[in-house]
>>> print(open('work32.pdb').read())   # PDB, C-alpha atoms
ATOM      1  CA  GLY G   1      81.736 -11.379 -49.009  1.00  0.00           C
ATOM      2  CA  ASN G   2      79.223 -13.080 -51.233  1.00  0.00           C
ATOM      3  CA  SER G   3      75.615 -11.939 -51.230  1.00  0.00           C
ATOM      4  CA  VAL G   4      72.380 -12.293 -53.183  1.00  0.00           C
ATOM      5  CA  THR G   5      69.628  -9.689 -53.394  1.00  0.00           C
ATOM      6  CA  GLN G   6      66.124 -10.546 -54.536  1.00  0.00           C
ATOM      7  CA  MET G   7      63.045  -8.465 -55.069  1.00  0.00           C
ATOM      8  CA  GLU G   8      60.705  -8.504 -52.127  1.00  0.00           C
ATOM      9  CA  GLY G   9      57.396 -10.272 -52.336  1.00  0.00           C
ATOM     10  CA  PRO G  10      54.794 -11.332 -52.327  1.00  0.00           C
ATOM     11  CA  VAL G  11      54.281 -11.135 -56.049  1.00  0.00           C
ATOM     12  CA  THR G  12      50.653 -11.732 -56.999  1.00  0.00           C
ATOM     13  CA  LEU G  13      49.776 -12.520 -60.607  1.00  0.00           C
ATOM     14  CA  SER G  14      46.835 -13.775 -62.554  1.00  0.00           C
ATOM     15  CA  GLU G  15      47.159 -17.088 -64.339  1.00  0.00           C
ATOM     16  CA  GLU G  16      48.885 -16.806 -67.743  1.00  0.00           C
ATOM     17  CA  ALA G  17      50.620 -13.565 -66.778  1.00  0.00           C
ATOM     18  CA  PHE G  18      54.333 -12.969 -67.429  1.00  0.00           C
ATOM     19  CA  LEU G  19      56.634 -13.396 -64.459  1.00  0.00           C
ATOM     20  CA  THR G  20      59.923 -11.719 -63.629  1.00  0.00           C
ATOM     21  CA  ILE G  21      61.674 -12.088 -60.286  1.00  0.00           C
ATOM     22  CA  ASN G  22      64.804  -9.989 -60.062  1.00  0.00           C
ATOM     23  CA  CYS G  23      68.043 -11.296 -58.583  1.00  0.00           C
ATOM     24  CA  THR G  24      71.427  -9.610 -58.372  1.00  0.00           C
ATOM     25  CA  TYR G  25      74.572 -10.873 -56.732  1.00  0.00           C
ATOM     26  CA  THR G  26      77.898  -9.798 -55.308  1.00  0.00           C
ATOM     27  CA  ALA G  27      80.790 -12.216 -55.548  1.00  0.00           C
ATOM     28  CA  THR G  28      84.407 -12.401 -56.640  1.00  0.00           C
ATOM     29  CA  GLY G  29      85.295 -14.262 -59.781  1.00  0.00           C
ATOM     30  CA  TYR G  30      82.711 -16.320 -61.604  1.00  0.00           C
ATOM     31  CA  PRO G  31      80.208 -17.941 -59.277  1.00  0.00           C
ATOM     32  CA  SER G  32      77.597 -20.452 -60.369  1.00  0.00           C
ATOM     33  CA  LEU G  33      74.023 -19.212 -60.044  1.00  0.00           C
ATOM     34  CA  PHE G  34      70.864 -21.051 -59.106  1.00  0.00           C
ATOM     35  CA  TRP G  35      67.152 -20.734 -58.596  1.00  0.00           C
ATOM     36  CA  TYR G  36      65.548 -22.958 -55.985  1.00  0.00           C
ATOM     37  CA  VAL G  37      61.803 -23.327 -55.420  1.00  0.00           C
ATOM     38  CA  GLN G  38      59.925 -24.219 -52.252  1.00  0.00           C
ATOM     39  CA  TYR G  39      56.374 -25.404 -52.829  1.00  0.00           C
ATOM     40  CA  PRO G  40      53.984 -25.298 -49.857  1.00  0.00           C
ATOM     41  CA  GLY G  41      54.765 -28.056 -47.387  1.00  0.00           C
ATOM     42  CA  GLU G  42      57.826 -29.255 -49.275  1.00  0.00           C
ATOM     43  CA  GLY G  43      61.588 -28.858 -49.071  1.00  0.00           C
ATOM     44  CA  LEU G  44      63.543 -26.588 -51.377  1.00  0.00           C
ATOM     45  CA  GLN G  45      64.419 -28.087 -54.715  1.00  0.00           C
ATOM     46  CA  LEU G  46      66.671 -26.982 -57.531  1.00  0.00           C
ATOM     47  CA  LEU G  47      64.747 -25.320 -60.362  1.00  0.00           C
ATOM     48  CA  LEU G  48      67.546 -24.279 -62.722  1.00  0.00           C
ATOM     49  CA  LYS G  49      71.163 -23.202 -62.812  1.00  0.00           C
ATOM     50  CA  ALA G  50      73.842 -21.507 -64.894  1.00  0.00           C
ATOM     51  CA  THR G  51      77.555 -21.927 -64.389  1.00  0.00           C
ATOM     52  CA  LYS G  52      79.134 -19.268 -66.619  1.00  0.00           C
ATOM     53  CA  ALA G  53      78.419 -15.897 -68.136  1.00  0.00           C
ATOM     54  CA  ASP G  54      75.684 -15.797 -70.820  1.00  0.00           C
ATOM     55  CA  ASP G  55      74.500 -19.308 -69.924  1.00  0.00           C
ATOM     56  CA  LYS G  56      70.730 -19.703 -69.812  1.00  0.00           C
ATOM     57  CA  GLY G  57      69.225 -22.127 -67.348  1.00  0.00           C
ATOM     58  CA  SER G  58      65.749 -23.437 -68.036  1.00  0.00           C
ATOM     59  CA  ASN G  59      63.253 -25.862 -66.550  1.00  0.00           C
ATOM     60  CA  LYS G  60      59.461 -26.215 -66.359  1.00  0.00           C
ATOM     61  CA  GLY G  61      59.008 -23.131 -68.567  1.00  0.00           C
ATOM     62  CA  PHE G  62      61.194 -20.983 -66.314  1.00  0.00           C
ATOM     63  CA  GLU G  63      64.359 -19.338 -67.642  1.00  0.00           C
ATOM     64  CA  ALA G  64      67.194 -17.258 -66.237  1.00  0.00           C
ATOM     65  CA  THR G  65      70.265 -15.864 -67.995  1.00  0.00           C
ATOM     66  CA  TYR G  66      73.607 -15.312 -66.235  1.00  0.00           C
ATOM     67  CA  ARG G  67      74.508 -11.687 -66.927  1.00  0.00           C
ATOM     68  CA  LYS G  68      78.038 -10.943 -65.761  1.00  0.00           C
ATOM     69  CA  GLU G  69      77.948  -7.296 -66.831  1.00  0.00           C
ATOM     70  CA  THR G  70      74.930  -6.552 -64.640  1.00  0.00           C
ATOM     71  CA  THR G  71      75.642  -9.275 -62.028  1.00  0.00           C
ATOM     72  CA  SER G  72      72.090 -10.494 -62.451  1.00  0.00           C
ATOM     73  CA  PHE G  73      70.180 -13.752 -62.821  1.00  0.00           C
ATOM     74  CA  HIS G  74      66.530 -12.759 -63.200  1.00  0.00           C
ATOM     75  CA  LEU G  75      63.914 -15.524 -63.265  1.00  0.00           C
ATOM     76  CA  GLU G  76      61.247 -15.360 -66.003  1.00  0.00           C
ATOM     77  CA  LYS G  77      58.272 -17.361 -67.139  1.00  0.00           C
ATOM     78  CA  GLY G  78      56.020 -16.441 -70.012  1.00  0.00           C
ATOM     79  CA  SER G  79      52.751 -17.786 -68.639  1.00  0.00           C
ATOM     80  CA  VAL G  80      52.400 -18.698 -64.974  1.00  0.00           C
ATOM     81  CA  GLN G  81      49.989 -21.262 -63.588  1.00  0.00           C
ATOM     82  CA  VAL G  82      48.356 -21.584 -60.184  1.00  0.00           C
ATOM     83  CA  SER G  83      50.666 -24.548 -59.553  1.00  0.00           C
ATOM     84  CA  ASP G  84      53.670 -22.191 -59.760  1.00  0.00           C
ATOM     85  CA  SER G  85      52.648 -20.593 -56.458  1.00  0.00           C
ATOM     86  CA  ALA G  86      55.694 -21.071 -54.243  1.00  0.00           C
ATOM     87  CA  VAL G  87      58.674 -19.281 -52.738  1.00  0.00           C
ATOM     88  CA  TYR G  88      61.602 -18.780 -55.106  1.00  0.00           C
ATOM     89  CA  PHE G  89      65.192 -18.427 -53.892  1.00  0.00           C
ATOM     90  CA  CYS G  90      68.136 -17.158 -55.882  1.00  0.00           C
ATOM     91  CA  ALA G  91      71.515 -18.533 -54.808  1.00  0.00           C
ATOM     92  CA  LEU G  92      75.172 -18.567 -55.738  1.00  0.00           C
ATOM     93  CA  ARG G  93      78.045 -20.990 -55.325  1.00  0.00           C
ATOM     94  CA  PRO G  94      81.528 -19.455 -55.249  1.00  0.00           C
ATOM     95  CA  PHE G  95      83.905 -20.178 -58.089  1.00  0.00           C
ATOM     96  CA  THR G  96      86.325 -21.996 -55.823  1.00  0.00           C
ATOM     97  CA  GLY G  97      86.065 -23.877 -52.579  1.00  0.00           C
ATOM     98  CA  GLY G  98      83.219 -24.675 -50.229  1.00  0.00           C
ATOM     99  CA  GLY G  99      81.793 -27.712 -51.970  1.00  0.00           C
ATOM    100  CA  ASN G 100      78.127 -27.059 -52.543  1.00  0.00           C
ATOM    101  CA  LYS G 101      77.863 -24.408 -49.827  1.00  0.00           C
ATOM    102  CA  LEU G 102      75.421 -21.905 -51.305  1.00  0.00           C
ATOM    103  CA  THR G 103      74.592 -18.311 -50.419  1.00  0.00           C
ATOM    104  CA  PHE G 104      70.857 -17.684 -50.731  1.00  0.00           C
ATOM    105  CA  GLY G 105      68.704 -14.625 -51.152  1.00  0.00           C
ATOM    106  CA  THR G 106      65.756 -13.890 -48.894  1.00  0.00           C
ATOM    107  CA  GLY G 107      63.230 -15.581 -51.178  1.00  0.00           C
ATOM    108  CA  THR G 108      60.305 -14.177 -53.150  1.00  0.00           C
ATOM    109  CA  GLN G 109      56.817 -15.525 -52.616  1.00  0.00           C
ATOM    110  CA  LEU G 110      54.765 -15.921 -55.775  1.00  0.00           C
ATOM    111  CA  LYS G 111      50.983 -16.223 -55.630  1.00  0.00           C
ATOM    112  CA  VAL G 112      49.138 -17.038 -58.839  1.00  0.00           C
ATOM    113  CA  GLU G 113      45.382 -16.568 -58.876  1.00  0.00           C
ATOM    114  CA  LEU G 114      42.736 -17.736 -61.327  1.00  0.00           C
TER     115      LEU G 114
ATOM    116  CA  GLY Z   1      65.696 -43.304 -47.326  1.00  0.00           C
ATOM    117  CA  ALA Z   2      64.280 -41.711 -50.426  1.00  0.00           C
ATOM    118  CA  GLY Z   3      64.861 -38.146 -49.268  1.00  0.00           C
ATOM    119  CA  VAL Z   4      66.340 -36.053 -46.493  1.00  0.00           C
ATOM    120  CA  SER Z   5      64.443 -36.679 -43.286  1.00  0.00           C
ATOM    121  CA  GLN Z   6      64.320 -34.217 -40.404  1.00  0.00           C
ATOM    122  CA  SER Z   7      62.830 -34.525 -36.940  1.00  0.00           C
ATOM    123  CA  PRO Z   8      60.983 -33.199 -35.134  1.00  0.00           C
ATOM    124  CA  SER Z   9      58.970 -31.300 -37.703  1.00  0.00           C
ATOM    125  CA  ASN Z  10      57.809 -28.902 -35.000  1.00  0.00           C
ATOM    126  CA  LYS Z  11      59.318 -28.103 -31.618  1.00  0.00           C
ATOM    127  CA  VAL Z  12      58.056 -25.641 -29.057  1.00  0.00           C
ATOM    128  CA  THR Z  13      60.335 -24.987 -26.128  1.00  0.00           C
ATOM    129  CA  GLU Z  14      60.797 -22.550 -23.307  1.00  0.00           C
ATOM    130  CA  LYS Z  15      63.549 -19.995 -23.251  1.00  0.00           C
ATOM    131  CA  GLY Z  16      66.685 -21.404 -21.652  1.00  0.00           C
ATOM    132  CA  LYS Z  17      66.034 -25.038 -22.565  1.00  0.00           C
ATOM    133  CA  ASP Z  18      68.298 -27.097 -24.817  1.00  0.00           C
ATOM    134  CA  VAL Z  19      66.984 -28.597 -28.057  1.00  0.00           C
ATOM    135  CA  GLU Z  20      68.261 -31.210 -30.476  1.00  0.00           C
ATOM    136  CA  LEU Z  21      67.280 -31.374 -34.123  1.00  0.00           C
ATOM    137  CA  ARG Z  22      68.011 -34.432 -36.204  1.00  0.00           C
ATOM    138  CA  CYS Z  23      68.801 -34.878 -39.887  1.00  0.00           C
ATOM    139  CA  ASP Z  24      69.012 -38.138 -41.804  1.00  0.00           C
ATOM    140  CA  PRO Z  25      70.528 -37.435 -45.240  1.00  0.00           C
ATOM    141  CA  ILE Z  26      69.994 -39.285 -48.484  1.00  0.00           C
ATOM    142  CA  SER Z  27      71.843 -42.581 -48.445  1.00  0.00           C
ATOM    143  CA  GLY Z  28      75.254 -42.214 -50.055  1.00  0.00           C
ATOM    144  CA  HIS Z  29      75.383 -38.443 -49.682  1.00  0.00           C
ATOM    145  CA  THR Z  30      78.500 -37.622 -47.709  1.00  0.00           C
ATOM    146  CA  ALA Z  31      78.090 -33.839 -47.675  1.00  0.00           C
ATOM    147  CA  LEU Z  32      75.567 -32.408 -45.212  1.00  0.00           C
ATOM    148  CA  TYR Z  33      74.521 -28.809 -44.578  1.00  0.00           C
ATOM    149  CA  TRP Z  34      72.459 -26.997 -41.975  1.00  0.00           C
ATOM    150  CA  TYR Z  35      70.705 -23.731 -42.799  1.00  0.00           C
ATOM    151  CA  ARG Z  36      68.349 -21.538 -40.809  1.00  0.00           C
ATOM    152  CA  GLN Z  37      65.308 -19.877 -42.375  1.00  0.00           C
ATOM    153  CA  SER Z  38      63.999 -16.938 -40.438  1.00  0.00           C
ATOM    154  CA  LEU Z  39      61.101 -14.712 -41.420  1.00  0.00           C
ATOM    155  CA  GLY Z  40      62.403 -12.125 -43.857  1.00  0.00           C
ATOM    156  CA  GLN Z  41      65.992 -13.328 -43.504  1.00  0.00           C
ATOM    157  CA  GLY Z  42      66.241 -15.939 -46.205  1.00  0.00           C
ATOM    158  CA  LEU Z  43      68.413 -18.981 -45.705  1.00  0.00           C
ATOM    159  CA  GLU Z  44      71.365 -18.485 -43.403  1.00  0.00           C
ATOM    160  CA  PHE Z  45      74.219 -20.996 -43.633  1.00  0.00           C
ATOM    161  CA  LEU Z  46      75.122 -22.596 -40.314  1.00  0.00           C
ATOM    162  CA  ILE Z  47      77.495 -25.535 -40.777  1.00  0.00           C
ATOM    163  CA  TYR Z  48      78.752 -27.925 -43.454  1.00  0.00           C
ATOM    164  CA  PHE Z  49      80.132 -31.456 -43.122  1.00  0.00           C
ATOM    165  CA  GLN Z  50      82.026 -33.061 -45.981  1.00  0.00           C
ATOM    166  CA  GLY Z  51      83.226 -36.592 -45.614  1.00  0.00           C
ATOM    167  CA  ASN Z  52      85.970 -36.956 -43.022  1.00  0.00           C
ATOM    168  CA  SER Z  53      87.131 -33.349 -43.264  1.00  0.00           C
ATOM    169  CA  ALA Z  54      86.776 -30.895 -40.401  1.00  0.00           C
ATOM    170  CA  PRO Z  55      83.344 -29.259 -40.598  1.00  0.00           C
ATOM    171  CA  ASP Z  56      82.946 -25.682 -41.794  1.00  0.00           C
ATOM    172  CA  LYS Z  57      81.393 -24.028 -38.746  1.00  0.00           C
ATOM    173  CA  SER Z  58      81.718 -20.497 -40.020  1.00  0.00           C
ATOM    174  CA  GLY Z  59      77.978 -19.831 -39.990  1.00  0.00           C
ATOM    175  CA  LEU Z  60      77.165 -20.826 -36.423  1.00  0.00           C
ATOM    176  CA  PRO Z  61      75.791 -17.660 -34.784  1.00  0.00           C
ATOM    177  CA  SER Z  62      77.069 -18.323 -31.269  1.00  0.00           C
ATOM    178  CA  ASP Z  63      78.742 -20.942 -29.095  1.00  0.00           C
ATOM    179  CA  ARG Z  64      75.287 -22.087 -27.996  1.00  0.00           C
ATOM    180  CA  PHE Z  65      75.013 -23.791 -31.381  1.00  0.00           C
ATOM    181  CA  SER Z  66      76.838 -27.027 -32.182  1.00  0.00           C
ATOM    182  CA  ALA Z  67      76.419 -29.934 -34.558  1.00  0.00           C
ATOM    183  CA  GLU Z  68      77.696 -33.451 -34.857  1.00  0.00           C
ATOM    184  CA  ARG Z  69      77.646 -36.013 -37.585  1.00  0.00           C
ATOM    185  CA  THR Z  70      77.966 -39.599 -36.470  1.00  0.00           C
ATOM    186  CA  GLY Z  71      79.249 -42.339 -38.731  1.00  0.00           C
ATOM    187  CA  GLY Z  72      79.205 -40.042 -41.713  1.00  0.00           C
ATOM    188  CA  SER Z  73      75.431 -40.149 -41.841  1.00  0.00           C
ATOM    189  CA  VAL Z  74      72.939 -38.783 -39.298  1.00  0.00           C
ATOM    190  CA  SER Z  75      73.552 -35.280 -37.969  1.00  0.00           C
ATOM    191  CA  THR Z  76      72.285 -33.565 -34.835  1.00  0.00           C
ATOM    192  CA  LEU Z  77      72.110 -29.794 -34.407  1.00  0.00           C
ATOM    193  CA  THR Z  78      72.058 -28.782 -30.748  1.00  0.00           C
ATOM    194  CA  ILE Z  79      71.028 -25.385 -29.458  1.00  0.00           C
ATOM    195  CA  GLN Z  80      71.788 -24.779 -25.801  1.00  0.00           C
ATOM    196  CA  ARG Z  81      70.003 -22.265 -23.576  1.00  0.00           C
ATOM    197  CA  THR Z  82      67.591 -21.324 -26.338  1.00  0.00           C
ATOM    198  CA  GLN Z  83      66.632 -17.707 -26.873  1.00  0.00           C
ATOM    199  CA  GLN Z  84      63.565 -16.265 -28.587  1.00  0.00           C
ATOM    200  CA  GLU Z  85      65.694 -15.124 -31.522  1.00  0.00           C
ATOM    201  CA  ASP Z  86      66.517 -18.782 -32.192  1.00  0.00           C
ATOM    202  CA  SER Z  87      62.936 -19.281 -33.399  1.00  0.00           C
ATOM    203  CA  ALA Z  88      63.184 -20.281 -37.058  1.00  0.00           C
ATOM    204  CA  VAL Z  89      62.924 -23.194 -39.436  1.00  0.00           C
ATOM    205  CA  TYR Z  90      66.115 -25.254 -39.420  1.00  0.00           C
ATOM    206  CA  LEU Z  91      66.797 -26.882 -42.757  1.00  0.00           C
ATOM    207  CA  CYS Z  92      69.112 -29.758 -43.493  1.00  0.00           C
ATOM    208  CA  ALA Z  93      70.412 -30.603 -46.954  1.00  0.00           C
ATOM    209  CA  SER Z  94      72.723 -33.209 -48.404  1.00  0.00           C
ATOM    210  CA  SER Z  95      74.673 -33.668 -51.602  1.00  0.00           C
ATOM    211  CA  LEU Z  96      77.170 -35.986 -53.211  1.00  0.00           C
ATOM    212  CA  GLU Z  97      80.733 -35.249 -52.144  1.00  0.00           C
ATOM    213  CA  GLY Z  98      82.957 -34.098 -54.935  1.00  0.00           C
ATOM    214  CA  ILE Z  99      80.046 -33.413 -57.244  1.00  0.00           C
ATOM    215  CA  ASN Z 100      79.982 -29.662 -56.996  1.00  0.00           C
ATOM    216  CA  THR Z 101      76.937 -29.038 -59.138  1.00  0.00           C
ATOM    217  CA  GLY Z 102      75.288 -26.832 -56.549  1.00  0.00           C
ATOM    218  CA  GLU Z 103      72.387 -29.231 -56.218  1.00  0.00           C
ATOM    219  CA  LEU Z 104      71.407 -29.622 -52.611  1.00  0.00           C
ATOM    220  CA  PHE Z 105      68.615 -31.925 -51.534  1.00  0.00           C
ATOM    221  CA  PHE Z 106      66.654 -30.373 -48.696  1.00  0.00           C
ATOM    222  CA  GLY Z 107      64.478 -31.817 -46.001  1.00  0.00           C
ATOM    223  CA  GLU Z 108      61.206 -30.190 -45.014  1.00  0.00           C
ATOM    224  CA  GLY Z 109      62.761 -28.584 -41.998  1.00  0.00           C
ATOM    225  CA  SER Z 110      62.273 -28.451 -38.251  1.00  0.00           C
ATOM    226  CA  ARG Z 111      60.260 -25.465 -37.058  1.00  0.00           C
ATOM    227  CA  LEU Z 112      61.535 -24.258 -33.681  1.00  0.00           C
ATOM    228  CA  THR Z 113      59.496 -21.891 -31.543  1.00  0.00           C
ATOM    229  CA  VAL Z 114      61.069 -20.530 -28.379  1.00  0.00           C
ATOM    230  CA  LEU Z 115      58.565 -19.049 -25.964  1.00  0.00           C
TER     231      LEU Z 115
END
>>> encode(input="work32.pdb", output="structure tokens")
Amino acid sequence: GNSVTQMEGPVTLSEEAFLTINCTYTATGYPSLFWYVQYPGEGLQLLLKATKADDKGSNKGFEATYRKETTSFHLEKGSVQVSDSAVYFCALRPFTGGGNKLTFGTGTQLKVEL
Amino acid sequence: GAGVSQSPSNKVTEKGKDVELRCDPISGHTALYWYRQSLGQGLEFLIYFQGNSAPDKSGLPSDRFSAERTGGSVSTLTIQRTQQEDSAVYLCASSLEGINTGELFFGEGSRLTVL
């Protein structure tokens, strides 16, 4: 079946540090890949996505590249801010079927300190 | 409404009681999803409604769990004879049917605590 594995948190960084949150997946065919973010007290929201191999999704300074050869979709940001403190979820949507039914990872909590 | 609305936001119940959780999706969104978020378990898919099609119930963990969607809009997730392991945050999301972009719009969730 489909699955997503994320690095465990919490990840604690100082402001302006470089961020990487690892995500790998298991799926047949060519799934679409996503990062969702959950800010404190809010619902999950889509951060970025990539739908085919070598695509790079980007938003709000965050980037992730769909690597088919390593089945990975690592999230990166060059300089984090305190406002980036949140829980980040990697997810996949199968290539066929299921509408927008997504398989999520366990989430990685990011804490950014001054 | 402007976003996905869920109620109650918090529910504390005793083991063995039944609970109902409500979700009001974004107007015009005909696809609706329920997920469960448990500590350390990530988001677990429960059930998916799309338009008039039969729901995908493949994620429901036991026959104590059921969900309905009335009039293609509001959905109710019912948990019968609650157990302590049912304690979690229950998330509802909606999306546009036929627009398979992977973008789900989530509510803030209903936190269920079973004592």
>>> residues_around(input="work32.pdb", residues="stretch 62-72 of chain G", least_positions_apart="5", cutoff="10 Å", atoms="all atoms listed in the file", output="number ranges by chain")
G: 4-6, 19-27, 29-35, 47-57, 77-80
>>> interface_residues(input="work32.pdb", of="chain Z", to="chain G", cutoff="6 Å", atoms="all atoms listed in the file", output="ChimeraX atom specification")
/Z:41-43,100,102,106-108
>>> write_last_selection(input="work32.pdb", atoms="C-alpha atoms", output="short mmCIF file (atom, residue, chain, number, x, y, z; two decimals), keeping the file's coordinate frame")
data_model
loop_
_atom_site.label_atom_id
_atom_site.label_comp_id
_atom_site.auth_asym_id
_atom_site.auth_seq_id
_atom_site.Cartn_x
_atom_site.Cartn_y
_atom_site.Cartn_z
CA GLN Z 41 65.99 -13.33 -43.50
CA GLY Z 42 66.24 -15.94 -46.20
CA LEU Z 43 68.41 -18.98 -45.70
CA ASN Z 100 79.98 -29.66 -57.00
CA GLY Z 102 75.29 -26.83 -56.55
CA PHE Z 106 66.65 -30.37 -48.70
CA GLY Z 107 64.48 -31.82 -46.00
CA GLU Z 108 61.21 -30.19 -45.01
#
>>> resolve_selection(input="work32.pdb", expression="the PyMOL selection byres ((chain Z and resi 94) around 9)", output="number ranges by chain")
Z: 4, 25-26, 29-34, 92-93, 95-96, 103-107
>>> closest_residue(input="work32.pdb", among="Z:Gly109, Z:Gly40, Z:Gly3, Z:Pro55", to="Z:Ser27", atoms="all atoms listed in the file")
Z:Gly3
>>> residues_around(input="work32.pdb", residues="Z:Gln84", least_positions_apart="6", cutoff="10 Å", atoms="all atoms listed in the file", output="MDAnalysis selection string")
chainID Z and resid 13:16 112:115
>>> resolve_selection(input="work32.pdb", expression="the PyMOL selection byres ((chain Z and resi 86) around 12)", output="short mmCIF file (atom, residue, chain, number, x, y, z; two decimals) with C-alpha atoms, in the frame of the given file")
data_model
loop_
_atom_site.label_atom_id
_atom_site.label_comp_id
_atom_site.auth_asym_id
_atom_site.auth_seq_id
_atom_site.Cartn_x
_atom_site.Cartn_y
_atom_site.Cartn_z
CA LYS Z 11 59.32 -28.10 -31.62
CA VAL Z 12 58.06 -25.64 -29.06
CA THR Z 13 60.34 -24.99 -26.13
CA GLU Z 14 60.80 -22.55 -23.31
CA LYS Z 15 63.55 -20.00 -23.25
CA GLY Z 16 66.68 -21.40 -21.65
CA LYS Z 17 66.03 -25.04 -22.56
CA ASP Z 18 68.30 -27.10 -24.82
CA VAL Z 19 66.98 -28.60 -28.06
CA ARG Z 36 68.35 -21.54 -40.81
CA GLN Z 37 65.31 -19.88 -42.38
CA SER Z 38 64.00 -16.94 -40.44
CA LEU Z 39 61.10 -14.71 -41.42
CA LEU Z 60 77.17 -20.83 -36.42
CA PRO Z 61 75.79 -17.66 -34.78
CA SER Z 62 77.07 -18.32 -31.27
CA ARG Z 64 75.29 -22.09 -28.00
CA PHE Z 65 75.01 -23.79 -31.38
CA THR Z 78 72.06 -28.78 -30.75
CA ILE Z 79 71.03 -25.38 -29.46
CA GLN Z 80 71.79 -24.78 -25.80
CA ARG Z 81 70.00 -22.26 -23.58
CA THR Z 82 67.59 -21.32 -26.34
CA GLN Z 83 66.63 -17.71 -26.87
CA GLN Z 84 63.56 -16.26 -28.59
CA GLU Z 85 65.69 -15.12 -31.52
CA SER Z 87 62.94 -19.28 -33.40
CA ALA Z 88 63.18 -20.28 -37.06
CA VAL Z 89 62.92 -23.19 -39.44
CA TYR Z 90 66.11 -25.25 -39.42
CA ARG Z 111 60.26 -25.46 -37.06
CA LEU Z 112 61.54 -24.26 -33.68
CA THR Z 113 59.50 -21.89 -31.54
CA VAL Z 114 61.07 -20.53 -28.38
CA LEU Z 115 58.56 -19.05 -25.96
#
